[in-house]
$ cat my_file_29.txt   # compact mmCIF, C-alpha atoms and all ligand atoms
# COMPACT_ATOMS: atom_id res chain seq x y z
CA MET A 1 -16.60 -2.27 2.30
CA LEU A 2 -16.50 -4.12 5.63
CA PRO A 3 -12.92 -5.50 5.80
CA TYR A 4 -12.14 -9.16 6.65
CA GLY A 5 -9.64 -8.00 9.25
CA ARG A 6 -8.40 -4.73 10.68
CA GLN A 7 -6.43 -3.26 13.57
CA SER A 8 -7.95 -2.09 16.84
CA ILE A 9 -6.28 1.10 18.10
CA SER A 10 -7.12 2.70 21.45
CA GLU A 11 -6.32 6.13 22.88
CA ASP A 12 -3.80 4.37 25.16
CA ASP A 13 -2.05 2.98 22.07
CA ILE A 14 -1.83 6.49 20.61
CA SER A 15 -0.47 7.97 23.86
CA ALA A 16 2.14 5.21 24.12
CA VAL A 17 3.49 6.05 20.67
CA VAL A 18 3.41 9.81 21.28
CA GLU A 19 5.35 9.34 24.50
CA ILE A 20 8.15 7.63 22.54
CA LEU A 21 8.23 10.48 20.02
CA ARG A 22 8.83 12.92 22.90
CA GLY A 23 11.58 10.75 24.41
CA ASP A 24 15.25 10.05 23.71
CA TRP A 25 14.95 6.85 21.74
CA LEU A 26 13.19 6.28 18.44
CA THR A 27 14.75 2.88 17.85
CA THR A 28 16.47 0.10 19.81
CA GLY A 29 15.69 1.69 23.16
CA PRO A 30 13.80 0.54 26.25
CA ALA A 31 10.52 -0.16 24.41
CA VAL A 32 12.20 -2.79 22.21
CA ALA A 33 13.66 -4.54 25.28
CA ALA A 34 10.31 -4.34 27.09
CA LEU A 35 8.38 -5.78 24.13
CA GLU A 36 10.91 -8.59 23.76
CA SER A 37 10.60 -9.49 27.41
CA GLU A 38 6.78 -9.50 27.22
CA ILE A 39 6.83 -11.74 24.13
CA SER A 40 9.31 -14.01 25.88
CA ARG A 41 7.02 -14.21 28.92
CA LEU A 42 4.07 -15.19 26.67
CA SER A 43 6.23 -17.77 24.88
CA GLY A 44 7.30 -19.97 27.77
CA GLY A 45 10.23 -17.76 28.80
CA HIS A 46 12.36 -18.37 25.70
CA ARG A 47 14.35 -15.44 24.32
CA ALA A 48 12.48 -13.24 21.85
CA VAL A 49 14.02 -10.97 19.22
CA THR A 50 11.75 -8.41 17.55
CA ALA A 51 11.89 -7.78 13.80
CA THR A 52 10.54 -5.39 11.19
CA SER A 53 8.00 -7.96 9.92
CA GLY A 54 6.92 -11.56 10.15
CA THR A 55 8.71 -12.13 6.86
CA ALA A 56 11.94 -10.76 8.39
CA ALA A 57 11.45 -13.01 11.44
CA LEU A 58 11.14 -16.02 9.11
CA HIS A 59 14.35 -14.95 7.33
CA MET A 60 16.04 -14.76 10.76
CA ALA A 61 14.78 -18.25 11.60
CA TYR A 62 16.16 -19.87 8.47
CA ALA A 63 19.41 -17.91 8.73
CA ALA A 64 19.81 -18.90 12.41
CA ALA A 65 19.19 -22.52 11.45
CA GLY A 66 22.00 -22.19 8.91
CA ILE A 67 19.85 -23.23 5.94
CA GLY A 68 21.59 -23.31 2.57
CA PRO A 69 22.01 -25.16 -0.71
CA GLY A 70 21.69 -28.93 -0.28
CA ASP A 71 19.32 -28.57 2.69
CA GLU A 72 15.63 -29.33 2.67
CA VAL A 73 12.72 -27.69 4.44
CA VAL A 74 9.42 -29.56 4.77
CA ALA A 75 6.59 -27.03 4.85
CA THR A 76 2.84 -26.61 4.66
CA PRO A 77 1.49 -25.25 1.37
CA MET A 78 -1.60 -23.77 3.11
CA THR A 79 0.00 -20.44 3.97
CA PHE A 80 1.24 -17.09 2.81
CA ILE A 81 4.39 -17.48 0.69
CA ALA A 82 6.55 -15.74 3.34
CA THR A 83 6.59 -19.04 5.28
CA THR A 84 8.90 -20.60 2.70
CA ALA A 85 10.29 -17.68 0.66
CA ALA A 86 13.39 -17.07 2.78
CA ALA A 87 14.27 -20.78 2.84
CA SER A 88 14.10 -20.82 -0.96
CA MET A 89 16.11 -17.59 -1.24
CA LEU A 90 18.82 -19.13 0.96
CA GLY A 91 19.06 -22.00 -1.54
CA ALA A 92 17.24 -24.77 0.32
CA ARG A 93 14.78 -27.08 -1.41
CA VAL A 94 11.24 -26.81 -0.03
CA ARG A 95 9.25 -30.05 0.09
CA PHE A 96 5.57 -29.39 0.58
CA ALA A 97 3.69 -31.78 2.86
CA ASP A 98 -0.08 -31.93 2.43
CA VAL A 99 -2.52 -30.67 5.06
CA GLU A 100 -5.23 -32.41 7.04
CA GLU A 101 -8.49 -32.39 5.11
CA ASP A 102 -10.51 -30.74 7.87
CA THR A 103 -8.18 -28.28 9.68
CA GLY A 104 -5.92 -27.25 6.79
CA LEU A 105 -2.94 -27.79 9.13
CA ILE A 106 0.22 -29.64 8.07
CA ASP A 107 -0.40 -33.39 8.37
CA PRO A 108 2.36 -35.20 10.33
CA SER A 109 1.90 -38.36 8.23
CA ALA A 110 2.48 -36.30 5.05
CA VAL A 111 5.56 -34.75 6.71
CA ALA A 112 6.93 -38.24 7.47
CA ALA A 113 6.79 -39.08 3.76
CA GLN A 114 8.88 -35.98 2.85
CA LEU A 115 11.68 -36.45 5.39
CA SER A 116 15.24 -37.21 4.33
CA ASP A 117 18.72 -36.94 5.79
CA ARG A 118 18.81 -33.44 4.25
CA THR A 119 15.78 -32.18 6.19
CA LYS A 120 16.86 -29.25 8.39
CA VAL A 121 13.53 -27.63 9.27
CA ILE A 122 9.89 -28.70 9.46
CA ALA A 123 7.82 -25.53 9.03
CA ALA A 124 4.22 -25.52 10.25
CA VAL A 125 1.69 -22.69 10.25
CA ASP A 126 -1.01 -22.32 12.91
CA TYR A 127 -3.52 -21.64 10.17
CA ALA A 128 -6.38 -19.34 11.26
CA GLY A 129 -4.90 -19.28 14.78
CA HIS A 130 -5.29 -23.01 15.48
CA PRO A 131 -1.95 -24.60 16.52
CA ALA A 132 -0.69 -27.57 14.50
CA ASP A 133 0.17 -30.95 16.07
CA TYR A 134 3.61 -30.10 17.49
CA ASP A 135 4.12 -33.27 19.55
CA ALA A 136 3.94 -35.32 16.35
CA LEU A 137 5.99 -32.80 14.35
CA GLN A 138 8.71 -32.59 17.02
CA SER A 139 9.22 -36.34 17.17
CA LEU A 140 9.49 -36.44 13.37
CA ALA A 141 12.03 -33.59 13.46
CA ASP A 142 14.02 -35.27 16.26
CA SER A 143 14.15 -38.51 14.25
CA VAL A 144 16.20 -36.80 11.50
CA GLY A 145 17.97 -34.12 13.60
CA ALA A 146 15.87 -31.28 12.16
CA LEU A 147 14.35 -28.23 13.87
CA THR A 148 10.65 -27.43 14.08
CA LEU A 149 9.46 -23.96 13.09
CA ASP A 150 6.08 -22.54 14.03
CA ASP A 151 5.02 -19.71 11.74
CA ALA A 152 2.68 -18.27 14.36
CA ALA A 153 1.66 -15.19 12.37
CA HIS A 154 -1.97 -16.08 13.19
CA SER A 155 -1.73 -17.60 16.63
CA ILE A 156 -0.07 -15.44 19.30
CA GLY A 157 -2.08 -16.01 22.49
CA GLY A 158 -3.14 -19.54 21.58
CA SER A 159 -2.07 -22.82 23.17
CA TYR A 160 -1.75 -26.55 22.49
CA ARG A 161 -1.98 -29.25 25.21
CA GLY A 162 -1.61 -26.52 27.84
CA ARG A 163 1.55 -25.01 26.32
CA PRO A 164 1.50 -21.51 24.84
CA VAL A 165 2.33 -20.68 21.24
CA GLY A 166 6.02 -19.71 21.37
CA ASP A 167 6.78 -22.82 23.43
CA LEU A 168 5.54 -25.36 20.87
CA ALA A 169 8.38 -25.55 18.35
CA ASP A 170 12.17 -25.08 18.41
CA MET A 171 11.66 -21.75 16.66
CA THR A 172 8.57 -19.53 16.44
CA THR A 173 7.88 -16.44 14.36
CA PHE A 174 5.17 -13.83 14.87
CA SER A 175 3.78 -11.09 12.62
CA PHE A 176 2.43 -7.79 13.89
CA PHE A 177 0.92 -6.64 10.58
CA PRO A 178 -2.32 -4.64 11.12
CA THR A 179 -4.71 -7.50 10.27
CA LYS A 180 -3.01 -9.91 12.73
CA ASN A 181 -3.94 -10.51 16.37
CA LEU A 182 -1.95 -7.51 17.53
CA THR A 183 -0.07 -4.88 15.60
CA THR A 184 3.01 -2.67 15.57
CA GLY A 185 2.20 -1.28 12.09
CA GLU A 186 4.76 -3.50 10.41
CA GLY A 187 6.61 -5.83 12.72
CA GLY A 188 7.26 -9.32 13.96
CA ALA A 189 9.32 -11.40 16.34
CA PHE A 190 11.44 -14.52 16.50
CA VAL A 191 11.55 -16.88 19.51
CA ALA A 192 13.91 -19.82 19.98
CA LYS A 193 14.23 -22.42 22.73
CA ASP A 194 17.98 -22.75 22.09
CA PRO A 195 19.79 -19.55 23.21
CA VAL A 196 22.44 -20.14 20.53
CA LEU A 197 19.79 -19.91 17.80
CA ALA A 198 18.31 -16.80 19.43
CA GLN A 199 21.72 -15.12 19.52
CA ARG A 200 22.35 -16.02 15.87
CA ALA A 201 18.96 -14.54 14.93
CA HIS A 202 19.74 -11.45 17.00
CA GLU A 203 23.06 -10.88 15.22
CA PHE A 204 21.51 -11.57 11.80
CA HIS A 205 18.86 -8.88 12.42
CA TYR A 206 21.59 -6.49 13.67
CA ILE A 207 23.85 -6.40 10.58
CA GLY A 208 25.86 -9.33 11.94
CA LEU A 209 27.56 -7.14 14.55
CA VAL A 210 29.41 -8.97 17.34
CA ARG A 211 29.83 -6.78 20.43
CA ASP A 212 30.95 -9.28 23.06
CA PRO A 213 34.72 -8.71 23.67
CA ASP A 214 35.13 -12.38 24.64
CA ARG A 215 34.31 -13.34 21.06
CA PHE A 216 36.46 -10.74 19.26
CA ARG A 217 38.91 -12.08 16.68
CA ILE A 218 40.47 -8.61 16.35
CA THR A 219 41.93 -7.65 19.73
CA THR A 220 44.11 -4.67 18.79
CA GLU A 221 41.34 -2.03 18.73
CA GLY A 222 39.78 0.24 21.34
CA PRO A 223 36.46 0.51 23.23
CA TRP A 224 34.63 1.49 20.01
CA HIS A 225 35.32 -1.85 18.44
CA GLN A 226 32.66 -4.18 17.02
CA GLU A 227 33.14 -6.74 14.28
CA VAL A 228 31.24 -8.99 11.87
CA HIS A 229 31.74 -12.76 11.54
CA GLU A 230 28.69 -13.52 9.40
CA PHE A 231 26.68 -11.18 7.18
CA GLY A 232 23.41 -9.87 8.54
CA LEU A 233 20.72 -7.35 7.66
CA ASN A 234 19.03 -4.53 9.52
CA TYR A 235 15.67 -5.95 10.63
CA ARG A 236 15.44 -3.95 13.87
CA LEU A 237 11.97 -2.94 15.06
CA PRO A 238 11.89 0.72 16.19
CA ASP A 239 10.86 1.84 19.69
CA ILE A 240 7.96 3.72 18.10
CA ALA A 241 6.49 0.45 16.86
CA SER A 242 7.46 -1.50 19.98
CA ALA A 243 5.55 0.94 22.21
CA LEU A 244 2.44 0.27 20.12
CA GLY A 245 3.02 -3.47 20.46
CA LEU A 246 3.44 -3.23 24.24
CA SER A 247 0.23 -1.27 24.56
CA GLN A 248 -1.62 -3.72 22.27
CA LEU A 249 -0.37 -6.73 24.26
CA GLN A 250 -2.36 -5.52 27.27
CA ARG A 251 -5.51 -6.22 25.23
CA LEU A 252 -4.42 -9.54 23.69
CA GLU A 253 -6.70 -11.54 26.02
CA ALA A 254 -9.63 -9.24 25.24
CA PHE A 255 -8.91 -9.50 21.49
CA LYS A 256 -8.81 -13.28 21.78
CA ARG A 257 -12.11 -13.36 23.70
CA ARG A 258 -13.88 -11.17 21.12
CA ARG A 259 -12.51 -13.30 18.26
CA ALA A 260 -13.85 -16.40 20.05
CA GLU A 261 -17.28 -14.77 20.48
CA ILE A 262 -17.46 -13.88 16.79
CA THR A 263 -16.40 -17.41 15.84
CA ALA A 264 -19.08 -18.88 18.14
CA ARG A 265 -21.72 -16.59 16.59
CA TYR A 266 -20.77 -17.65 13.05
CA ASN A 267 -20.64 -21.32 14.11
CA ALA A 268 -24.08 -21.20 15.71
CA ALA A 269 -25.65 -19.62 12.64
CA LEU A 270 -23.87 -21.72 10.01
CA SER A 271 -23.31 -25.20 11.48
CA ASP A 272 -26.59 -26.57 10.06
CA VAL A 273 -26.59 -24.71 6.76
CA ASP A 274 -26.40 -26.96 3.69
CA GLY A 275 -23.46 -26.30 1.40
CA VAL A 276 -21.09 -24.76 3.98
CA ARG A 277 -18.74 -26.23 6.58
CA ILE A 278 -17.66 -24.38 9.71
CA PRO A 279 -13.99 -24.51 10.84
CA THR A 280 -12.75 -27.59 12.73
CA GLN A 281 -11.32 -27.24 16.22
CA ARG A 282 -9.33 -30.02 17.91
CA ASP A 283 -10.05 -30.78 21.58
CA ASP A 284 -6.45 -30.33 22.77
CA VAL A 285 -6.09 -26.83 21.33
CA ASP A 286 -7.06 -23.38 22.57
CA PRO A 287 -6.97 -21.33 19.37
CA VAL A 288 -7.01 -17.59 18.88
CA TRP A 289 -9.23 -17.26 15.83
CA HIS A 290 -7.33 -14.95 13.50
CA LEU A 291 -9.41 -16.03 10.49
CA TYR A 292 -12.86 -17.52 10.17
CA PRO A 293 -12.20 -19.99 7.34
CA LEU A 294 -15.61 -21.13 6.14
CA ARG A 295 -15.77 -23.85 3.48
CA VAL A 296 -18.23 -23.32 0.62
CA GLU A 297 -18.99 -26.64 -1.04
CA GLY A 298 -20.35 -27.60 -4.44
CA GLY A 299 -18.01 -25.43 -6.48
CA ARG A 300 -19.81 -22.28 -5.33
CA ARG A 301 -16.99 -20.43 -3.54
CA ARG A 302 -16.33 -17.93 -6.36
CA GLU A 303 -20.04 -17.17 -6.79
CA VAL A 304 -20.52 -16.60 -3.06
CA PHE A 305 -17.31 -14.52 -2.86
CA ASP A 306 -18.51 -12.25 -5.70
CA LYS A 307 -22.00 -11.84 -4.24
CA MET A 308 -20.64 -10.94 -0.81
CA ARG A 309 -18.12 -8.45 -2.17
CA ALA A 310 -20.91 -6.89 -4.27
CA ALA A 311 -22.94 -6.55 -1.04
CA GLY A 312 -20.08 -4.71 0.67
CA ILE A 313 -18.73 -7.61 2.72
CA GLY A 314 -14.94 -7.81 2.33
CA VAL A 315 -14.52 -11.58 2.33
CA GLN A 316 -11.06 -12.95 1.51
CA VAL A 317 -9.50 -16.25 0.42
CA ASN A 318 -6.59 -17.70 2.47
CA TYR A 319 -4.63 -19.23 0.75
CA MET A 320 -3.70 -20.32 -2.74
CA PRO A 321 -1.31 -23.26 -2.21
CA VAL A 322 2.17 -21.76 -2.06
CA TYR A 323 3.61 -23.98 -4.82
CA TRP A 324 1.07 -22.56 -7.33
CA HIS A 325 2.98 -19.25 -7.32
CA PRO A 326 4.90 -18.90 -10.61
CA VAL A 327 8.19 -18.58 -8.70
CA TYR A 328 7.65 -22.20 -7.60
CA THR A 329 6.00 -23.63 -10.75
CA GLU A 330 8.94 -22.28 -12.74
CA GLN A 331 11.16 -24.46 -10.53
CA GLY A 332 9.11 -27.51 -11.49
CA TYR A 333 6.57 -27.71 -8.65
CA LYS A 334 3.36 -29.20 -10.06
CA ARG A 335 -0.31 -28.78 -9.28
CA GLY A 336 -1.78 -31.92 -7.76
CA MET A 337 1.11 -32.38 -5.28
CA CYS A 338 -1.02 -31.68 -2.20
CA PRO A 339 -4.64 -32.57 -3.03
CA ASN A 340 -6.05 -31.71 0.41
CA ALA A 341 -4.53 -28.22 0.28
CA GLU A 342 -5.91 -27.72 -3.22
CA SER A 343 -9.45 -28.75 -2.31
CA PHE A 344 -9.26 -26.69 0.90
CA TYR A 345 -8.25 -23.68 -1.22
CA ALA A 346 -11.06 -24.33 -3.71
CA GLU A 347 -13.67 -24.08 -0.96
CA GLU A 348 -12.19 -21.59 1.49
CA LEU A 349 -13.88 -18.24 2.18
CA SER A 350 -12.63 -16.07 5.07
CA LEU A 351 -15.48 -14.17 6.73
CA PRO A 352 -14.74 -10.85 8.49
CA ILE A 353 -13.32 -11.25 11.99
CA PHE A 354 -11.59 -8.60 14.11
CA PRO A 355 -12.09 -7.28 17.65
CA GLY A 356 -14.03 -4.17 16.58
CA LEU A 357 -16.62 -6.17 14.62
CA SER A 358 -20.03 -5.80 16.32
CA ASP A 359 -22.65 -8.53 16.75
CA ALA A 360 -24.89 -6.57 14.38
CA GLN A 361 -22.15 -6.61 11.73
CA VAL A 362 -21.62 -10.35 12.25
CA ASP A 363 -25.36 -10.90 11.78
CA ASP A 364 -25.24 -8.80 8.64
CA VAL A 365 -22.43 -10.99 7.27
CA ILE A 366 -24.47 -14.10 8.12
CA ASP A 367 -27.63 -12.74 6.43
CA THR A 368 -25.67 -11.74 3.34
CA LEU A 369 -24.08 -15.21 3.19
CA LEU A 370 -27.42 -17.00 3.58
CA THR A 371 -28.90 -14.85 0.81
CA ALA A 372 -25.90 -15.58 -1.42
CA MET A 373 -26.27 -19.32 -0.78
CA ARG A 374 -29.97 -19.35 -1.64
C1 LIG A 401 1.21 -12.28 7.63
C2 LIG A 401 1.92 -13.59 7.49
C3 LIG A 401 3.31 -13.68 7.32
C4 LIG A 401 4.17 -12.48 7.06
O1 LIG A 401 4.12 -11.51 8.00
P1 LIG A 401 4.44 -9.97 7.61
O2 LIG A 401 4.51 -9.30 8.94
O3 LIG A 401 3.30 -9.49 6.76
O4 LIG A 401 5.74 -9.96 6.88
C5 LIG A 401 3.90 -14.91 7.31
N1 LIG A 401 3.16 -16.03 7.43
C6 LIG A 401 1.82 -15.99 7.58
C7 LIG A 401 1.07 -17.28 7.74
C8 LIG A 401 1.16 -14.78 7.59
O5 LIG A 401 -0.19 -14.75 7.71
$ encode --input "my_file_29.txt" --output "structure tokens"
Amino acid sequence: MLPYGRQSISEDDISAVVEILRGDWLTTGPAVAALESEISRLSGGHRAVTATSGTAALHMAYAAAGIGPGDEVVATPMTFIATTAAASMLGARVRFADVEEDTGLIDPSAVAAQLSDRTKVIAAVDYAGHPADYDALQSLADSVGALTLDDAAHSIGGSYRGRPVGDLADMTTFSFFPTKNLTTGEGGAFVAKDPVLAQRAHEFHYIGLVRDPDRFRITTEGPWHQEVHEFGLNYRLPDIASALGLSQLQRLEAFKRRRAEITARYNAALSDVDGVRIPTQRDDVDPVWHLYPLRVEGGRRREVFDKMRAAGIGVQVNYMPVYWHPVYTEQGYKRGMCPNAESFYAEELSLPIFPGLSDAQVDDVIDTLLTAMR
């Protein structure tokens, strides 16, 4: 089965990991610091903290923002549940704001309708690698004293109005899962514009340990001393994984270019085909196409999905609206809340896209799709 996404690993990647295995540090050594400084450089210079996954980075974001019972998070439903799971686990109420009909991105006018004096975070996702409208989202957040969060699991390397992903929201999270734009096996990162938030996220991902003597509340101990003021977890990314990430980052531009070529090839072949709609791209955005989210109209998505899978093409569907998950419906969230997200989901079919996909394979996907549509 041709997968819808997969990692691209070079001999240089393999050597980089092997070199770490022969060295002194397996975890929290120089490769972690180097990866964090590279991610920071890509993200407008803001501090980056690596994590064991994108989900962990999202947990760090909500913990750093101090989210808890009584708080509200306004979020897109067109995403993987990790975008909101940690906010819910911390006791906040998630209010889902509907998406734009064409892009599937959180709609600022729908966000405006969900704001209250309890709103602490507005969480957007750069669905398929296309950044959301952060200028609009930031002014909404500023109007109620909330923070913006960019779940950029799909969009590292992209930009919006000339600013890179990582510099678009108050907080940004990345995922380095194998299907994403670059990988560390499992892994992720958190970026914040406010150094106080970055430090809180750092401590949260490091068991809550405080190591700065100026901040010690216990001053009777010796040089070994470290202390905890707030609980944290161990979400540290190892050096082994960081070395892979550093090596992968050198090819991020090439990955992005190949993803754009594949997208252009699909667009050219499918833009005039009846019954399908190609993805929308806004003029002020430079996306990094993580997914190719085709829309299959006329209630035929399931039929086309089944035919393509039967023909060996590993198409996928991204995503079922988050509030359809039983964990949310059991809390009273109802279908029908976000009609654009629901109709987007009903039509969406992700075609294979990853750097190692050849033009011949893309053409094969197109032929199989056209046959399935016939
Ligand atoms: C993959 C993904 C995550 C979670 O990342 P992991 O590294 O798999 O934990 C979160 N949000 C979105 C939109 C994702 O695609």
$ residues_around --input "my_file_29.txt" --residues "range 314-318 of chain A" --least-positions-apart "5" --cutoff "8 Å" --atoms "only C-alpha atoms" --output "PyMOL selection string"
chain A and resi 1-4+78-80+293+305+308-309+345+348-352
$ residues_around --input "my_file_29.txt" --residues "Ile156 in chain A" --least-positions-apart "4" --cutoff "7 Å" --atoms "all atoms listed in the file" --output "count of residues only"
3
$ atom_distance --input "my_file_29.txt" --atom1 "CA of Ala123 in chain A" --atom2 "CA of Pro326 in chain A"
20.9 Å
$ residues_around --input "my_file_29.txt" --residues "range 136-140 of chain A" --least-positions-apart "4" --cutoff "9 Å" --atoms "only C-alpha atoms" --output "PyMOL selection string"
chain A and resi 107-109+111-112+115+122+124+132+144-148+168-170
$ residues_around --input "my_file_29.txt" --residues "Ile240 in chain A" --least-positions-apart "3" --cutoff "9 Å" --atoms "only C-alpha atoms" --output "PyMOL selection string"
chain A and resi 16-21+25-27+31-32+184+237+243-244
$ closest_atom_pairs --input "my_file_29.txt" --of "chain A" --to "ligand LIG 401 (chain A)" --cutoff "8 Å" --atoms "only C-alpha atoms and all ligand atoms" --output "Markdown table"
| residue | atom | partner | partner_atom | distance |
| --- | --- | --- | --- | --- |
| A:Thr52 | CA | A:LIG401 | O2 | 7.5 |
| A:Ser53 | CA | A:LIG401 | O2 | 3.9 |
| A:Gly54 | CA | A:LIG401 | O2 | 3.5 |
| A:Thr55 | CA | A:LIG401 | O4 | 3.7 |
| A:Ala56 | CA | A:LIG401 | O4 | 6.4 |
| A:Ala57 | CA | A:LIG401 | O4 | 7.9 |
| A:Leu58 | CA | A:LIG401 | C5 | 7.5 |
| A:Thr79 | CA | A:LIG401 | C7 | 5.0 |
| A:Phe80 | CA | A:LIG401 | C6 | 4.9 |
| A:Ile81 | CA | A:LIG401 | N1 | 7.0 |
| A:Ala82 | CA | A:LIG401 | C5 | 4.8 |
| A:Thr83 | CA | A:LIG401 | N1 | 5.0 |
| A:Val125 | CA | A:LIG401 | C7 | 6.0 |
| A:Asp126 | CA | A:LIG401 | C7 | 7.5 |
| A:Tyr127 | CA | A:LIG401 | C7 | 6.8 |
| A:Asp151 | CA | A:LIG401 | N1 | 6.0 |
| A:Ala152 | CA | A:LIG401 | C7 | 6.9 |
| A:Ala153 | CA | A:LIG401 | C8 | 4.8 |
| A:His154 | CA | A:LIG401 | O5 | 5.9 |
| A:Phe174 | CA | A:LIG401 | O1 | 7.3 |
| A:Ser175 | CA | A:LIG401 | O2 | 4.2 |
| A:Phe176 | CA | A:LIG401 | O2 | 5.6 |
| A:Phe177 | CA | A:LIG401 | O2 | 4.8 |
| A:Lys180 | CA | A:LIG401 | C1 | 7.0 |
| A:Glu186 | CA | A:LIG401 | O2 | 6.0 |
| A:Gly187 | CA | A:LIG401 | O2 | 5.5 |
| A:Gly188 | CA | A:LIG401 | O2 | 5.7 |
$ closest_residue --input "my_file_29.txt" --among "A:Gly245, A:Pro213, A:Pro355, A:Pro164" --to "Ala189 in chain A" --atoms "all atoms listed in the file"
A:Gly245
$ closest_residue --input "my_file_29.txt" --among "A:Gly23, A:Pro287, A:Gly332, A:Pro321" --to "Pro131 in chain A" --atoms "all atoms listed in the file"
A:Pro287
$ residues_near_point --input "my_file_29.txt" --point "(9.6, -19.7, 29.2)" --cutoff "12 Å" --atoms "all atoms listed in the file" --output "list of chain:residue names"
A:Ser37, A:Glu38, A:Ile39, A:Ser40, A:Arg41, A:Leu42, A:Ser43, A:Gly44, A:Gly45, A:His46, A:Arg47, A:Ala48, A:Arg163, A:Pro164, A:Val165, A:Gly166, A:Asp167, A:Leu168, A:Val191, A:Ala192, A:Lys193, A:Asp194, A:Pro195
$ closest_residue --input "my_file_29.txt" --among "A:Tyr134, A:Tyr292, A:Phe204, A:Tyr333" --to "Ala65 in chain A" --atoms "only C-alpha atoms"
A:Phe204
$ atom_distance --input "my_file_29.txt" --atom1 "CA of Phe190 in chain A" --atom2 "CA of Thr173 in chain A"
4.6 Å
$ atom_distance --input "my_file_29.txt" --atom1 "CA of Pro339 in chain A" --atom2 "CA of Glu72 in chain A"
21.3 Å
$ residues_around --input "my_file_29.txt" --residues "Glu342 in chain A" --least-positions-apart "6" --cutoff "12 Å" --atoms "all atoms listed in the file" --output "list in words"
Thr76, Pro77, Met78, Thr79, Asp98, Val99, Glu100, Glu101, Gly104, Asn318, Tyr319, Met320, Pro321, Val322, Tyr323, Trp324, Lys334, Arg335, Gly336 and Glu348 of chain A
$ closest_residue --input "my_file_29.txt" --among "A:Ser10, A:Ala113, A:Ala269, A:Pro279" --to "Asp364 in chain A" --atoms "only C-alpha atoms"
A:Ala269
$ residues_near_point --input "my_file_29.txt" --point "(-19.2, -12.5, -2.6)" --cutoff "9 Å" --atoms "all atoms listed in the file" --output "CSV table (one decimal) with C-alpha atoms, in the frame of the given file"
chain,number,residue,atom,x,y,z
A,301,ARG,CA,-17.0,-20.4,-3.5
A,302,ARG,CA,-16.3,-17.9,-6.4
A,303,GLU,CA,-20.0,-17.2,-6.8
A,304,VAL,CA,-20.5,-16.6,-3.1
A,305,PHE,CA,-17.3,-14.5,-2.9
A,306,ASP,CA,-18.5,-12.2,-5.7
A,307,LYS,CA,-22.0,-11.8,-4.2
A,308,MET,CA,-20.6,-10.9,-0.8
A,309,ARG,CA,-18.1,-8.4,-2.2
A,310,ALA,CA,-20.9,-6.9,-4.3
A,311,ALA,CA,-22.9,-6.6,-1.0
A,312,GLY,CA,-20.1,-4.7,0.7
A,313,ILE,CA,-18.7,-7.6,2.7
A,314,GLY,CA,-14.9,-7.8,2.3
A,315,VAL,CA,-14.5,-11.6,2.3
A,368,THR,CA,-25.7,-11.7,3.3
A,369,LEU,CA,-24.1,-15.2,3.2
A,372,ALA,CA,-25.9,-15.6,-1.4
$ closest_residue --input "my_file_29.txt" --among "A:Asp150, A:Asp284, A:Glu221, A:Asp133" --to "Thr84 in chain A" --atoms "only C-alpha atoms"
A:Asp150
$ closest_residue --input "my_file_29.txt" --among "A:Ala86, A:Ala241, A:Ile14, A:Ala198" --to "Thr28 in chain A" --atoms "all atoms listed in the file"
A:Ala241
$ decode --input "my_file_29.txt" --residues "range 299-306 of chain A" --atoms "N, CA, C and O atoms" --output "mmCIF file, in the first residue's frame"
data_model
loop_
_atom_site.group_PDB
_atom_site.id
_atom_site.type_symbol
_atom_site.label_atom_id
_atom_site.label_comp_id
_atom_site.auth_asym_id
_atom_site.auth_seq_id
_atom_site.Cartn_x
_atom_site.Cartn_y
_atom_site.Cartn_z
ATOM 1 N N GLY A 299 -21.407 13.335 -1.913
ATOM 2 C CA GLY A 299 -21.578 12.193 -1.016
ATOM 3 C C GLY A 299 -20.770 10.969 -1.428
ATOM 4 O O GLY A 299 -21.067 9.849 -1.003
ATOM 5 N N ARG A 300 -19.724 11.187 -2.227
ATOM 6 C CA ARG A 300 -18.981 10.039 -2.780
ATOM 7 C C ARG A 300 -17.646 9.778 -2.084
ATOM 8 O O ARG A 300 -16.880 8.921 -2.525
ATOM 9 N N ARG A 301 -17.339 10.497 -1.023
ATOM 10 C CA ARG A 301 -16.016 10.358 -0.397
ATOM 11 C C ARG A 301 -15.718 8.917 0.022
ATOM 12 O O ARG A 301 -14.648 8.387 -0.259
ATOM 13 N N ARG A 302 -16.688 8.276 0.726
ATOM 14 C CA ARG A 302 -16.455 6.912 1.213
ATOM 15 C C ARG A 302 -16.202 5.938 0.060
ATOM 16 O O ARG A 302 -15.279 5.108 0.106
ATOM 17 N N GLU A 303 -17.025 6.076 -0.990
ATOM 18 C CA GLU A 303 -16.879 5.198 -2.158
ATOM 19 C C GLU A 303 -15.486 5.368 -2.789
ATOM 20 O O GLU A 303 -14.801 4.382 -3.091
ATOM 21 N N VAL A 304 -15.066 6.605 -2.951
ATOM 22 C CA VAL A 304 -13.760 6.867 -3.574
ATOM 23 C C VAL A 304 -12.632 6.389 -2.654
ATOM 24 O O VAL A 304 -11.647 5.793 -3.105
ATOM 25 N N PHE A 305 -12.778 6.639 -1.356
ATOM 26 C CA PHE A 305 -11.797 6.157 -0.364
ATOM 27 C C PHE A 305 -11.624 4.642 -0.503
ATOM 28 O O PHE A 305 -10.499 4.138 -0.607
ATOM 29 N N ASP A 306 -12.747 3.903 -0.510
ATOM 30 C CA ASP A 306 -12.684 2.438 -0.555
ATOM 31 C C ASP A 306 -12.045 1.955 -1.856
ATOM 32 O O ASP A 306 -11.231 1.032 -1.853
#
